[in-house]
$ cat coords_23.txt   # compact mmCIF, C-alpha atoms
# COMPACT_ATOMS: atom_id res chain seq x y z
CA MET A 1 83.12 199.71 -147.82
CA SER A 2 86.30 198.23 -146.51
CA ILE A 3 89.04 199.50 -144.25
CA THR A 4 91.89 201.19 -146.12
CA PHE A 5 95.50 201.69 -145.14
CA ASP A 6 94.87 205.43 -144.82
CA ASP A 7 91.77 204.90 -142.63
CA LEU A 8 93.77 202.86 -140.21
CA ARG A 9 96.71 205.26 -140.14
CA GLU A 10 94.44 208.26 -139.47
CA ALA A 11 92.50 206.38 -136.79
CA ALA A 12 95.71 205.42 -134.95
CA LYS A 13 96.93 209.02 -135.12
CA ASP A 14 93.64 210.43 -133.80
CA CYS A 15 93.45 207.81 -131.04
CA LEU A 16 96.93 208.77 -129.82
CA VAL A 17 96.19 212.50 -129.74
CA THR A 18 92.89 211.88 -127.94
CA ALA A 19 94.62 209.61 -125.42
CA GLY A 20 97.30 212.19 -124.64
CA SER A 21 95.09 215.26 -124.39
CA SER A 22 91.74 214.31 -122.88
CA TYR A 23 89.94 212.47 -120.11
CA THR A 24 87.06 210.11 -120.77
CA PRO A 25 83.69 211.69 -119.78
CA ASP A 26 83.19 209.32 -116.83
CA ARG A 27 86.52 210.31 -115.28
CA LEU A 28 85.99 214.01 -115.89
CA ALA A 29 82.62 213.78 -114.14
CA ALA A 30 84.23 211.88 -111.25
CA TYR A 31 86.89 214.58 -110.81
CA GLU A 32 84.24 217.31 -110.85
CA GLN A 33 82.31 215.49 -108.15
CA ALA A 34 85.49 214.94 -106.09
CA ALA A 35 86.41 218.63 -106.30
CA ARG A 36 82.95 219.51 -104.93
CA LYS A 37 83.04 216.95 -102.12
CA GLU A 38 86.67 216.92 -100.94
CA LYS A 39 86.88 218.47 -97.47
CA LYS A 40 90.64 219.03 -97.23
CA GLU A 41 91.49 222.47 -98.61
CA ASN A 42 94.83 221.58 -100.24
CA ALA A 43 93.42 218.42 -101.77
CA ARG A 44 90.42 220.35 -103.15
CA TRP A 45 92.72 223.03 -104.58
CA PHE A 46 94.70 220.31 -106.30
CA LEU A 47 91.60 218.65 -107.78
CA GLU A 48 90.55 222.02 -109.18
CA LEU A 49 93.98 222.37 -110.83
CA ILE A 50 93.50 218.96 -112.45
CA LEU A 51 90.19 220.14 -113.90
CA GLU A 52 91.70 223.42 -115.16
CA ASN A 53 94.53 221.45 -116.76
CA ALA A 54 92.00 219.08 -118.37
CA ARG A 55 90.01 221.98 -119.83
CA ILE A 56 93.11 223.62 -121.33
CA ALA A 57 94.49 220.32 -122.68
CA GLN A 58 91.22 219.36 -124.35
CA ARG A 59 90.62 222.84 -125.81
CA GLU A 60 94.17 223.33 -127.12
CA LYS A 61 94.93 219.63 -127.84
CA LEU A 62 97.95 219.84 -125.53
CA PRO A 63 99.45 216.97 -123.54
CA LEU A 64 97.79 216.47 -120.16
CA CYS A 65 101.19 215.55 -118.70
CA ASP A 66 104.73 216.10 -119.96
CA ASP A 67 105.36 212.36 -119.64
CA THR A 68 103.24 211.62 -122.66
CA GLY A 69 103.88 207.91 -122.19
CA VAL A 70 104.88 204.93 -124.27
CA PRO A 71 102.25 204.01 -126.89
CA HIS A 72 100.54 200.64 -126.48
CA VAL A 73 98.14 199.35 -129.12
CA LEU A 74 95.23 197.01 -128.54
CA VAL A 75 93.40 195.48 -131.52
CA ARG A 76 90.12 193.57 -131.17
CA LEU A 77 89.71 192.08 -134.64
CA GLY A 78 86.36 190.82 -135.92
CA THR A 79 86.48 187.31 -137.36
CA ASP A 80 84.89 188.61 -140.60
CA CYS A 81 86.90 191.82 -140.80
CA VAL A 82 88.99 192.30 -143.95
CA LEU A 83 92.17 194.28 -143.56
CA PRO A 84 94.42 195.95 -146.15
CA ALA A 85 97.94 194.71 -146.85
CA GLY A 86 100.41 196.28 -144.44
CA TRP A 87 97.76 197.08 -141.82
CA LEU A 88 100.22 196.83 -138.93
CA GLU A 89 102.48 199.27 -140.76
CA ALA A 90 99.48 201.62 -141.09
CA ILE A 91 99.10 201.54 -137.29
CA ARG A 92 102.83 202.14 -136.83
CA GLU A 93 102.70 205.14 -139.18
CA GLY A 94 99.62 206.47 -137.40
CA VAL A 95 101.27 206.20 -134.00
CA ALA A 96 104.32 208.06 -135.34
CA ALA A 97 102.08 210.78 -136.82
CA GLY A 98 100.23 211.06 -133.51
CA LEU A 99 103.48 211.51 -131.63
CA ARG A 100 104.49 214.31 -134.01
CA THR A 101 101.09 216.00 -133.60
CA LEU A 102 100.52 215.78 -129.84
CA PRO A 103 103.58 216.27 -129.48
CA GLY A 104 104.94 213.25 -127.65
CA ARG A 105 107.93 213.74 -125.41
CA PRO A 106 111.12 212.94 -127.36
CA MET A 107 112.31 210.12 -125.15
CA ALA A 108 113.44 207.27 -127.39
CA VAL A 109 116.83 206.07 -126.15
CA LYS A 110 119.66 205.75 -128.69
CA GLY A 111 122.11 202.89 -129.18
CA ASP A 112 122.31 199.10 -129.17
CA GLY A 113 120.84 196.96 -126.39
CA ILE A 114 123.49 197.60 -123.75
CA GLN A 115 123.76 201.28 -124.68
CA ARG A 116 120.01 201.63 -124.34
CA VAL A 117 120.05 199.98 -120.92
CA GLU A 118 122.85 202.27 -119.77
CA GLN A 119 121.36 205.29 -121.61
CA SER A 120 124.91 206.15 -122.63
CA GLN A 121 124.24 207.54 -126.13
CA GLY A 122 121.56 210.08 -125.25
CA LEU A 123 118.07 210.44 -126.67
CA PHE A 124 116.56 210.98 -130.09
CA GLU A 125 115.40 214.55 -130.62
CA ASN A 126 112.28 213.59 -132.60
CA SER A 127 109.10 212.47 -130.82
CA ASP A 128 108.25 209.90 -133.47
CA ALA A 129 111.40 207.85 -132.81
CA LEU A 130 109.48 206.27 -129.93
CA GLU A 131 108.27 202.82 -131.04
CA HIS A 132 104.97 201.46 -129.81
CA ALA A 133 105.04 198.31 -127.67
CA PRO A 134 104.16 195.02 -129.40
CA VAL A 135 100.51 195.04 -130.48
CA ILE A 136 98.12 193.07 -128.28
CA MET A 137 95.44 191.33 -130.34
CA ARG A 138 92.26 189.45 -129.63
CA SER A 139 89.74 187.83 -131.98
CA VAL A 140 86.12 188.91 -131.50
CA PRO A 141 82.89 188.19 -133.41
CA GLY A 142 81.81 190.52 -136.23
CA ASP A 143 83.26 192.43 -139.15
CA LYS A 144 84.79 195.41 -137.37
CA LEU A 145 88.20 196.36 -136.03
CA ASN A 146 88.24 197.92 -132.57
CA LEU A 147 91.41 199.93 -132.11
CA ALA A 148 92.66 201.36 -128.83
CA VAL A 149 95.85 203.37 -128.34
CA LEU A 150 96.98 203.77 -124.75
CA MET A 151 99.82 205.94 -123.44
CA LEU A 152 101.57 204.45 -120.41
CA GLY A 153 103.61 206.86 -118.27
CA GLY A 154 106.70 206.11 -116.23
CA GLY A 155 105.43 206.89 -112.71
CA PRO A 156 102.82 204.10 -112.61
CA GLU A 157 105.32 201.80 -114.33
CA ILE A 158 107.69 202.14 -111.37
CA ARG A 159 104.87 201.23 -109.00
CA ALA A 160 103.20 198.39 -110.98
CA ARG A 161 103.69 194.76 -109.96
CA THR A 162 103.18 191.42 -111.67
CA ARG A 163 103.29 188.55 -109.20
CA ARG A 164 101.79 185.24 -108.22
CA ILE A 165 99.19 184.99 -105.51
CA PHE A 166 98.38 181.69 -103.78
CA HIS A 167 94.63 182.17 -103.84
CA LYS A 168 93.40 179.46 -101.45
CA ARG A 169 90.25 179.38 -103.59
CA SER A 170 89.24 182.81 -102.36
CA MET A 171 88.67 186.01 -104.34
CA GLU A 172 88.89 187.87 -101.02
CA LYS A 173 92.43 186.51 -100.59
CA VAL A 174 93.50 187.59 -104.10
CA ILE A 175 91.99 191.06 -103.91
CA GLY A 176 93.21 191.49 -100.32
CA GLU A 177 96.79 190.92 -101.40
CA VAL A 178 96.44 193.31 -104.34
CA VAL A 179 95.03 195.97 -102.01
CA GLU A 180 98.10 195.55 -99.79
CA TRP A 181 100.41 196.18 -102.77
CA LEU A 182 98.43 199.16 -103.95
CA SER A 183 98.24 200.71 -100.49
CA GLU A 184 102.05 200.66 -100.30
CA GLU A 185 102.52 202.07 -103.78
CA VAL A 186 100.01 204.93 -103.89
CA LEU A 187 101.97 206.95 -101.33
CA LEU A 188 105.13 206.67 -103.45
CA LEU A 189 103.28 207.29 -106.72
CA GLY A 190 102.83 210.99 -106.03
CA CYS A 191 100.34 211.57 -108.85
CA THR A 192 97.22 210.45 -107.01
CA PRO A 193 94.24 210.07 -107.35
CA SER A 194 95.02 206.78 -109.03
CA ILE A 195 92.86 204.32 -110.92
CA PRO A 196 94.33 200.87 -110.26
CA ALA A 197 94.15 198.59 -113.31
CA ILE A 198 94.28 194.88 -112.53
CA GLY A 199 94.61 191.84 -114.77
CA ILE A 200 94.28 188.26 -113.49
CA GLY A 201 95.44 185.43 -115.74
CA ARG A 202 97.61 182.34 -116.17
CA SER A 203 100.98 183.87 -117.02
CA GLN A 204 102.75 187.18 -116.54
CA VAL A 205 102.24 188.02 -120.22
CA GLU A 206 98.52 187.21 -120.08
CA ALA A 207 97.94 189.10 -116.83
CA SER A 208 99.63 192.20 -118.29
CA ALA A 209 97.55 191.97 -121.49
CA LEU A 210 94.37 191.68 -119.42
CA MET A 211 95.43 194.71 -117.40
CA LEU A 212 95.83 196.67 -120.64
CA GLU A 213 92.32 195.65 -121.70
CA ALA A 214 91.01 196.73 -118.31
CA MET A 215 92.64 200.14 -118.88
CA ALA A 216 91.03 200.41 -122.32
CA ASP A 217 87.51 199.39 -121.28
CA GLY A 218 87.13 200.54 -117.67
CA ASP A 219 84.51 203.08 -116.61
CA VAL A 220 84.54 204.67 -113.16
CA SER A 221 80.75 205.07 -113.27
CA LYS A 222 80.28 201.30 -113.73
CA GLN A 223 82.14 199.54 -110.94
CA ASN A 224 81.50 195.92 -110.00
CA GLU A 225 81.53 194.59 -106.45
CA TRP A 226 85.24 193.76 -106.45
CA GLU A 227 86.29 197.01 -108.05
CA GLN A 228 84.30 198.83 -105.37
CA LYS A 229 86.07 196.83 -102.67
CA VAL A 230 89.47 197.87 -104.01
CA VAL A 231 88.37 201.52 -104.16
CA ALA A 232 87.04 201.50 -100.59
CA ALA A 233 90.13 199.78 -99.19
CA VAL A 234 92.74 201.96 -100.92
CA ASN A 235 90.79 205.14 -100.15
CA GLY A 236 91.04 204.00 -96.52
CA THR A 237 94.75 204.90 -96.64
CA HIS A 238 93.76 208.60 -96.93
CA VAL A 239 96.89 209.30 -98.99
CA GLY A 240 94.65 211.68 -100.94
CA PRO A 241 95.32 213.74 -104.07
CA LEU A 242 99.08 214.31 -104.61
CA GLY A 243 99.67 212.70 -101.18
CA LEU A 244 98.03 215.69 -99.47
CA GLY A 245 95.60 213.56 -97.46
CA GLY A 246 91.87 213.40 -98.08
CA ASP A 247 89.17 211.09 -99.30
CA TYR A 248 90.21 210.59 -102.93
CA THR A 249 93.29 208.37 -103.18
CA VAL A 250 91.70 206.41 -106.03
CA MET A 251 88.81 207.37 -108.32
CA GLY A 252 87.85 203.87 -109.38
CA CYS A 253 89.32 200.49 -110.26
CA PHE A 254 89.44 198.60 -113.57
CA LEU A 255 89.59 194.82 -113.17
CA LYS A 256 89.66 192.16 -115.89
CA ILE A 257 89.78 188.45 -115.17
CA GLY A 258 90.84 186.04 -117.92
CA PRO A 259 91.20 182.26 -117.97
CA THR A 260 92.77 180.83 -114.83
CA ARG A 261 95.29 178.07 -114.30
CA ALA A 262 94.20 174.73 -112.77
CA SER A 263 96.44 175.38 -109.82
CA GLY A 264 96.71 177.06 -106.44
CA VAL A 265 98.23 180.13 -108.06
CA ARG A 266 96.87 183.18 -109.86
CA ILE A 267 99.08 185.58 -111.79
CA VAL A 268 98.12 189.20 -111.17
CA THR A 269 99.28 192.47 -112.70
CA ALA A 270 98.29 195.59 -110.77
CA ARG A 271 99.17 199.05 -112.03
CA PRO A 272 98.29 202.14 -110.00
CA CYS A 273 97.52 204.38 -112.98
CA CYS A 274 98.31 208.02 -112.22
CA LEU A 275 95.81 210.87 -112.26
CA VAL A 276 96.02 211.37 -116.05
CA GLU A 277 95.66 207.65 -116.75
CA PRO A 278 94.37 205.49 -118.25
CA ARG A 279 95.07 207.63 -121.31
CA VAL A 280 93.16 205.91 -124.06
CA GLY A 281 91.81 206.79 -127.48
CA LYS A 282 89.49 204.37 -129.29
CA ALA A 283 88.08 203.91 -132.77
CA ILE A 284 85.88 201.36 -134.51
CA LEU A 285 86.59 200.70 -138.17
CA ALA A 286 84.50 198.69 -140.62
CA MET B 1 98.50 231.64 -101.02
CA LEU B 2 102.00 233.10 -100.71
CA THR B 3 103.89 234.33 -103.79
CA ILE B 4 107.67 233.87 -103.57
CA ASN B 5 110.24 235.19 -106.02
CA THR B 6 113.31 233.11 -106.75
CA PRO B 7 116.09 232.79 -105.69
CA LEU B 8 114.83 231.78 -102.25
CA LYS B 9 116.41 232.92 -99.00
CA LYS B 10 117.13 230.59 -96.09
CA GLU B 11 114.96 232.73 -93.86
CA ASP B 12 112.02 232.27 -96.29
CA VAL B 13 112.37 228.50 -96.09
CA ALA B 14 112.69 228.54 -92.29
CA LYS B 15 109.21 230.14 -92.13
CA PHE B 16 107.56 227.55 -94.41
CA ARG B 17 105.25 224.96 -92.88
CA VAL B 18 104.14 221.61 -94.31
CA GLY B 19 100.97 222.20 -96.31
CA ASP B 20 101.71 225.83 -97.24
CA GLN B 21 100.51 226.74 -100.74
CA ILE B 22 103.09 228.82 -102.58
CA THR B 23 103.26 230.37 -106.03
CA LEU B 24 106.79 230.51 -107.43
CA VAL B 25 107.83 233.33 -109.75
CA GLY B 26 111.18 233.70 -111.49
CA ARG B 27 114.07 231.48 -112.49
CA ILE B 28 113.97 227.78 -111.68
CA LEU B 29 116.26 224.94 -112.71
CA CYS B 30 114.89 221.77 -114.26
CA GLY B 31 116.76 218.48 -114.02
CA ARG B 32 116.15 214.84 -113.21
CA ASP B 33 117.70 211.35 -113.18
CA ALA B 34 120.41 211.96 -115.79
CA VAL B 35 121.92 215.24 -114.61
CA LEU B 36 121.36 215.63 -110.86
CA PRO B 37 124.01 213.02 -109.91
CA LYS B 38 126.42 214.73 -112.33
CA ILE B 39 125.94 218.08 -110.59
CA VAL B 40 126.56 216.46 -107.21
CA LYS B 41 129.83 215.01 -108.54
CA MET B 42 130.82 218.47 -109.84
CA LEU B 43 130.09 219.96 -106.41
CA GLU B 44 132.18 217.28 -104.71
CA ALA B 45 135.04 217.87 -107.16
CA LYS B 46 134.74 221.66 -106.67
CA ASP B 47 134.35 222.01 -110.43
CA PRO B 48 134.37 225.78 -111.21
CA LYS B 49 131.71 225.30 -113.93
CA VAL B 50 129.10 224.67 -111.25
CA LYS B 51 129.13 228.42 -110.46
CA ASP B 52 127.45 229.07 -113.82
CA MET B 53 124.42 227.11 -112.58
CA ARG B 54 123.80 229.62 -109.74
CA LEU B 55 122.63 226.97 -107.28
CA ALA B 56 122.52 229.30 -104.23
CA GLY B 57 118.86 229.72 -103.24
CA SER B 58 117.70 227.86 -106.32
CA VAL B 59 114.64 225.73 -106.95
CA ILE B 60 115.28 222.48 -108.82
CA PHE B 61 112.17 221.09 -110.47
CA HIS B 62 112.41 217.34 -111.11
CA THR B 63 111.18 217.40 -114.68
CA ALA B 64 112.23 216.90 -118.24
CA VAL B 65 111.87 219.87 -120.58
CA SER B 66 110.57 219.09 -124.03
CA PRO B 67 108.06 220.22 -126.64
CA ALA B 68 105.51 218.23 -124.59
CA GLY B 69 106.04 220.66 -121.71
CA ILE B 70 107.08 220.28 -118.07
CA GLY B 71 105.64 218.27 -115.19
CA PRO B 72 106.97 216.51 -112.10
CA THR B 73 108.61 213.10 -112.27
CA SER B 74 108.86 210.82 -109.20
CA SER B 75 111.35 212.42 -106.81
CA ASN B 76 111.87 209.10 -105.00
CA LYS B 77 113.67 207.55 -107.97
CA VAL B 78 117.15 206.48 -106.82
CA GLU B 79 119.22 209.00 -108.79
CA ILE B 80 116.96 211.93 -107.92
CA GLU B 81 116.41 211.31 -104.22
CA GLY B 82 120.06 210.28 -103.82
CA SER B 83 121.13 213.69 -105.16
CA ILE B 84 118.97 215.77 -102.82
CA PRO B 85 121.43 215.81 -99.88
CA GLY B 86 124.39 216.81 -102.07
CA LEU B 87 122.43 219.48 -103.92
CA SER B 88 121.10 220.89 -100.64
CA ALA B 89 124.68 221.14 -99.40
CA GLY B 90 125.47 222.96 -102.65
CA GLY B 91 122.89 225.67 -101.99
CA VAL B 92 119.65 224.39 -103.53
CA LEU B 93 116.82 225.47 -101.21
CA MET B 94 113.80 223.85 -102.84
CA HIS B 95 113.53 220.42 -104.47
CA LEU B 96 110.28 220.25 -106.42
CA GLY B 97 108.62 217.07 -107.65
CA LYS B 98 106.20 214.44 -106.42
CA GLY B 99 105.99 211.33 -104.22
CA ALA B 100 107.10 210.52 -100.68
CA LEU B 101 110.77 210.88 -99.68
CA LYS B 102 112.69 208.84 -97.09
CA PRO B 103 113.12 210.21 -93.54
CA GLU B 104 116.92 210.45 -94.04
CA THR B 105 116.38 212.69 -97.07
CA VAL B 106 114.04 214.93 -95.07
CA GLU B 107 116.69 215.14 -92.34
CA ALA B 108 119.45 216.01 -94.84
CA MET B 109 117.32 218.88 -96.15
CA ARG B 110 116.73 220.12 -92.61
CA VAL B 111 120.49 220.20 -91.94
CA HIS B 112 121.03 222.43 -94.98
CA GLY B 113 117.89 224.56 -94.57
CA ALA B 114 116.28 223.20 -97.75
CA CYS B 115 112.73 221.98 -98.39
CA PHE B 116 110.73 219.65 -100.64
CA ALA B 117 107.59 220.76 -102.44
CA VAL B 118 105.13 218.92 -104.65
CA THR B 119 103.28 220.15 -107.69
CA PRO B 120 100.67 218.46 -109.88
CA PRO B 121 101.42 217.14 -113.37
CA THR B 122 99.33 219.90 -114.92
CA THR B 123 101.44 220.30 -118.04
CA ALA B 124 98.86 222.10 -120.18
CA LEU B 125 98.38 224.68 -117.41
CA PHE B 126 102.14 225.13 -116.97
CA ALA B 127 102.42 225.93 -120.69
CA TYR B 128 100.70 229.23 -119.89
CA ARG B 129 102.95 229.95 -116.93
CA THR B 130 106.41 229.60 -118.45
CA THR B 131 107.97 232.40 -120.47
CA SER B 132 111.39 231.11 -121.48
CA GLN B 133 113.65 228.10 -121.32
CA LYS B 134 117.28 227.39 -122.18
CA VAL B 135 119.77 224.57 -121.74
CA LEU B 136 122.33 225.35 -119.04
CA ALA B 137 124.40 222.15 -119.10
CA PHE B 138 124.59 218.57 -120.41
CA PRO B 139 122.85 219.18 -123.77
CA GLU B 140 123.74 215.62 -124.81
CA GLU B 141 121.03 214.40 -122.43
CA GLY B 142 118.27 215.87 -124.60
CA MET B 143 115.06 216.39 -122.61
CA GLU B 144 116.99 215.37 -119.48
CA ALA B 145 119.56 218.18 -119.83
CA LEU B 146 119.81 220.84 -117.10
CA TYR B 147 117.45 223.65 -118.09
CA GLU B 148 116.80 227.13 -116.78
CA VAL B 149 113.11 228.08 -117.03
CA GLU B 150 111.33 231.33 -116.16
CA VAL B 151 107.94 230.81 -114.54
CA THR B 152 105.22 233.37 -113.89
CA GLY B 153 103.29 231.40 -111.29
CA LEU B 154 104.06 227.79 -110.53
CA PRO B 155 101.70 226.40 -107.86
CA VAL B 156 103.42 224.22 -105.23
CA ILE B 157 102.67 222.80 -101.79
CA ILE B 158 105.38 222.40 -99.15
CA ALA B 159 105.68 218.67 -98.42
CA ALA B 160 108.79 218.57 -96.19
CA VAL B 161 110.57 221.35 -94.32
CA ASN B 162 112.39 221.86 -91.01
CA GLY B 163 112.42 218.08 -90.46
CA GLU B 164 108.62 217.82 -90.76
CA THR B 165 106.93 215.95 -93.62
CA MET B 166 103.41 215.36 -94.79
CA PHE B 167 104.39 211.81 -95.73
CA ALA B 168 105.00 210.62 -92.15
CA LYS B 169 102.63 207.75 -91.35
$ encode --input "coords_23.txt" --output "structure tokens"
Amino acid sequence: MSITFDDLREAAKDCLVTAGSSYTPDRLAAYEQAARKEKKENARWFLELILENARIAQREKLPLCDDTGVPHVLVRLGTDCVLPAGWLEAIREGVAAGLRTLPGRPMAVKGDGIQRVEQSQGLFENSDALEHAPVIMRSVPGDKLNLAVLMLGGGPEIRARTRRIFHKRSMEKVIGEVVEWLSEEVLLLGCTPSIPAIGIGRSQVEASALMLEAMADGDVSKQNEWEQKVVAAVNGTHVGPLGLGGDYTVMGCFLKIGPTRASGVRIVTARPCCLVEPRVGKAILA
Amino acid sequence: MLTINTPLKKEDVAKFRVGDQITLVGRILCGRDAVLPKIVKMLEAKDPKVKDMRLAGSVIFHTAVSPAGIGPTSSNKVEIEGSIPGLSAGGVLMHLGKGALKPETVEAMRVHGACFAVTPPTTALFAYRTTSQKVLAFPEEGMEALYEVEVTGLPVIIAAVNGETMFAK
């Protein structure tokens, strides 16, 4: 058995539809628990609406949110994995098919570079005109291809930051500064509860890629010590669901630390994912 | 929970309190970054075409309208929040979206008797609570055009009214 062009295209399509229309089981369970425990009436009402929306979206394969997001593709490629010719094109075709199926919001901007910046030529009417972001790839042992398609919405994008932190050889210092950013941004985000995704690396590109991996792999039921610290600190703001106050400003935190620079600086990307994120669909092909 | 039919009346809004849960029924307008500043410019220029939008007592939902559905975008984006004072002066009584607004925006709404409400991005649920949609203006903006949508029960929470806001720290 080997991976075919069609296998890869279908997997990318299915991953995109899954990402846009369903929560991972760990997050669904966390929302159910929050809806039972939240003491503030408006916040509890809102959490129940999230669950009703999730049930309808999963049953009908409808988008969880109208901002269906910009597709991002993560490939973890086994060193012994054999791929068909044109495999990146298969992923591109699969993403386009997924956008037609979900359907994705038709939000590709027309025109040349300047026209796109100024949004002066309007938008494409077809969902599949939206290109995926450049593929992030990593080599891993084995003979399989791990594919993840993530849909990144605009609200968290406005509130995300990539910056340097002078760490003073202290994880407390780094995480403390990230918590300060996140505590400012969650109030403006609107779509709380959030799950902050954090990448720590040597460059802005690397930190962002690590953040994307954190979004793909994170599990709110398996939180390490530092993720728990972020959750406790940001929940201390009591912004609450939709900014209504309450105990659930964030539902978890996904942190990934990569190589670090021999220097007094760490580069950190922190994205306060909104209540439908991380939207991720995954497949393993062999 | 209170059910309110649109268009709103100023006396309805005056009775709202921060934290009130309301279900909206009837005609709402949908517009966001691309078209709200254009409507404000039309109001300032006394453009007669603005009458066709029937802004008096209206609800403007900060959302795109597309085959993917509807759901709130961030109301504190520059072009949206910057349009709220002008639209309130033009007769809009409820601005509907998400995220905290600046104190000066809350004050501008108070002056004109308007309010701000938030609603969750529950797009799949909204699909069952909208009965029709049509483009009213600026079709060249695609999903960001000004739309008129009929809703049968849109759940919202009042976030700012009468100079009070739930976002005050």
$ closest_atom_pairs --input "coords_23.txt" --of "chain B" --to "chain A" --cutoff "10 Å" --atoms "all atoms listed in the file" --output "CSV"
residue,atom,partner,partner_atom,distance
B:Val18,CA,A:Leu244,CA,10.0
B:Gly19,CA,A:Asn42,CA,7.3
B:Asp20,CA,A:Asn42,CA,8.6
B:Gln21,CA,A:Asn42,CA,7.7
B:Ala34,CA,A:Gln119,CA,8.9
B:Thr63,CA,A:Asp66,CA,8.4
B:Ala64,CA,A:Asp66,CA,7.7
B:Val65,CA,A:Asp66,CA,8.1
B:Ser66,CA,A:Arg105,CA,6.1
B:Pro67,CA,A:Arg105,CA,6.6
B:Ala68,CA,A:Asp66,CA,5.2
B:Gly69,CA,A:Asp66,CA,5.1
B:Ile70,CA,A:Asp66,CA,5.2
B:Gly71,CA,A:Asp66,CA,5.3
B:Pro72,CA,A:Asp66,CA,8.2
B:Thr73,CA,A:Gly155,CA,7.0
B:Ser74,CA,A:Gly155,CA,6.3
B:Ser75,CA,A:Gly190,CA,8.7
B:Asn76,CA,A:Leu188,CA,7.3
B:Lys77,CA,A:Ile158,CA,8.8
B:Gly97,CA,A:Gly190,CA,8.6
B:Lys98,CA,A:Gly190,CA,4.8
B:Gly99,CA,A:Gly190,CA,3.7
B:Ala100,CA,A:Leu188,CA,5.1
B:Leu101,CA,A:Leu188,CA,8.0
B:Val118,CA,A:Leu242,CA,7.6
B:Thr119,CA,A:Leu242,CA,7.8
B:Pro120,CA,A:Leu242,CA,6.9
B:Pro121,CA,A:Cys65,CA,5.6
B:Thr122,CA,A:Asn53,CA,5.4
B:Thr123,CA,A:Cys65,CA,4.8
B:Ala124,CA,A:Ala57,CA,5.3
B:Leu125,CA,A:Asn53,CA,5.1
B:Phe126,CA,A:Asn53,CA,8.5
B:Ala127,CA,A:Leu62,CA,9.0
B:Tyr128,CA,A:Ile56,CA,9.5
B:Pro139,CA,A:Gly122,CA,9.3
B:Glu140,CA,A:Gly122,CA,6.0
B:Glu141,CA,A:Gly122,CA,5.2
B:Gly142,CA,A:Leu123,CA,5.8
B:Met143,CA,A:Pro106,CA,7.1
B:Glu144,CA,A:Leu123,CA,8.8
B:Ala145,CA,A:Gly122,CA,9.9
B:Pro155,CA,A:Leu49,CA,9.2
B:Val156,CA,A:Phe46,CA,9.6
B:Ile157,CA,A:Asn42,CA,8.1
B:Ile158,CA,A:Leu244,CA,10.0
B:Ala159,CA,A:Leu244,CA,8.3
B:Met166,CA,A:Leu244,CA,7.1
B:Phe167,CA,A:Gly243,CA,7.3
B:Lys169,CA,A:Val239,CA,9.7
$ atom_distance --input "coords_23.txt" --atom1 "atom CA of A:Leu16" --atom2 "atom CA of A:Phe254"
20.6 Å
$ atom_distance --input "coords_23.txt" --atom1 "atom CA of A:Val82" --atom2 "atom CA of A:Lys282"
19.0 Å
$ closest_residue --input "coords_23.txt" --among "B:Val40, B:Val59, B:Thr130, B:Val151" --to "B:Ala89" --atoms "all atoms listed in the file"
B:Val40
$ closest_residue --input "coords_23.txt" --among "B:Leu93, B:Ala108, B:Leu36, B:Ala45" --to "B:Ile80" --atoms "only C-alpha atoms"
B:Leu36
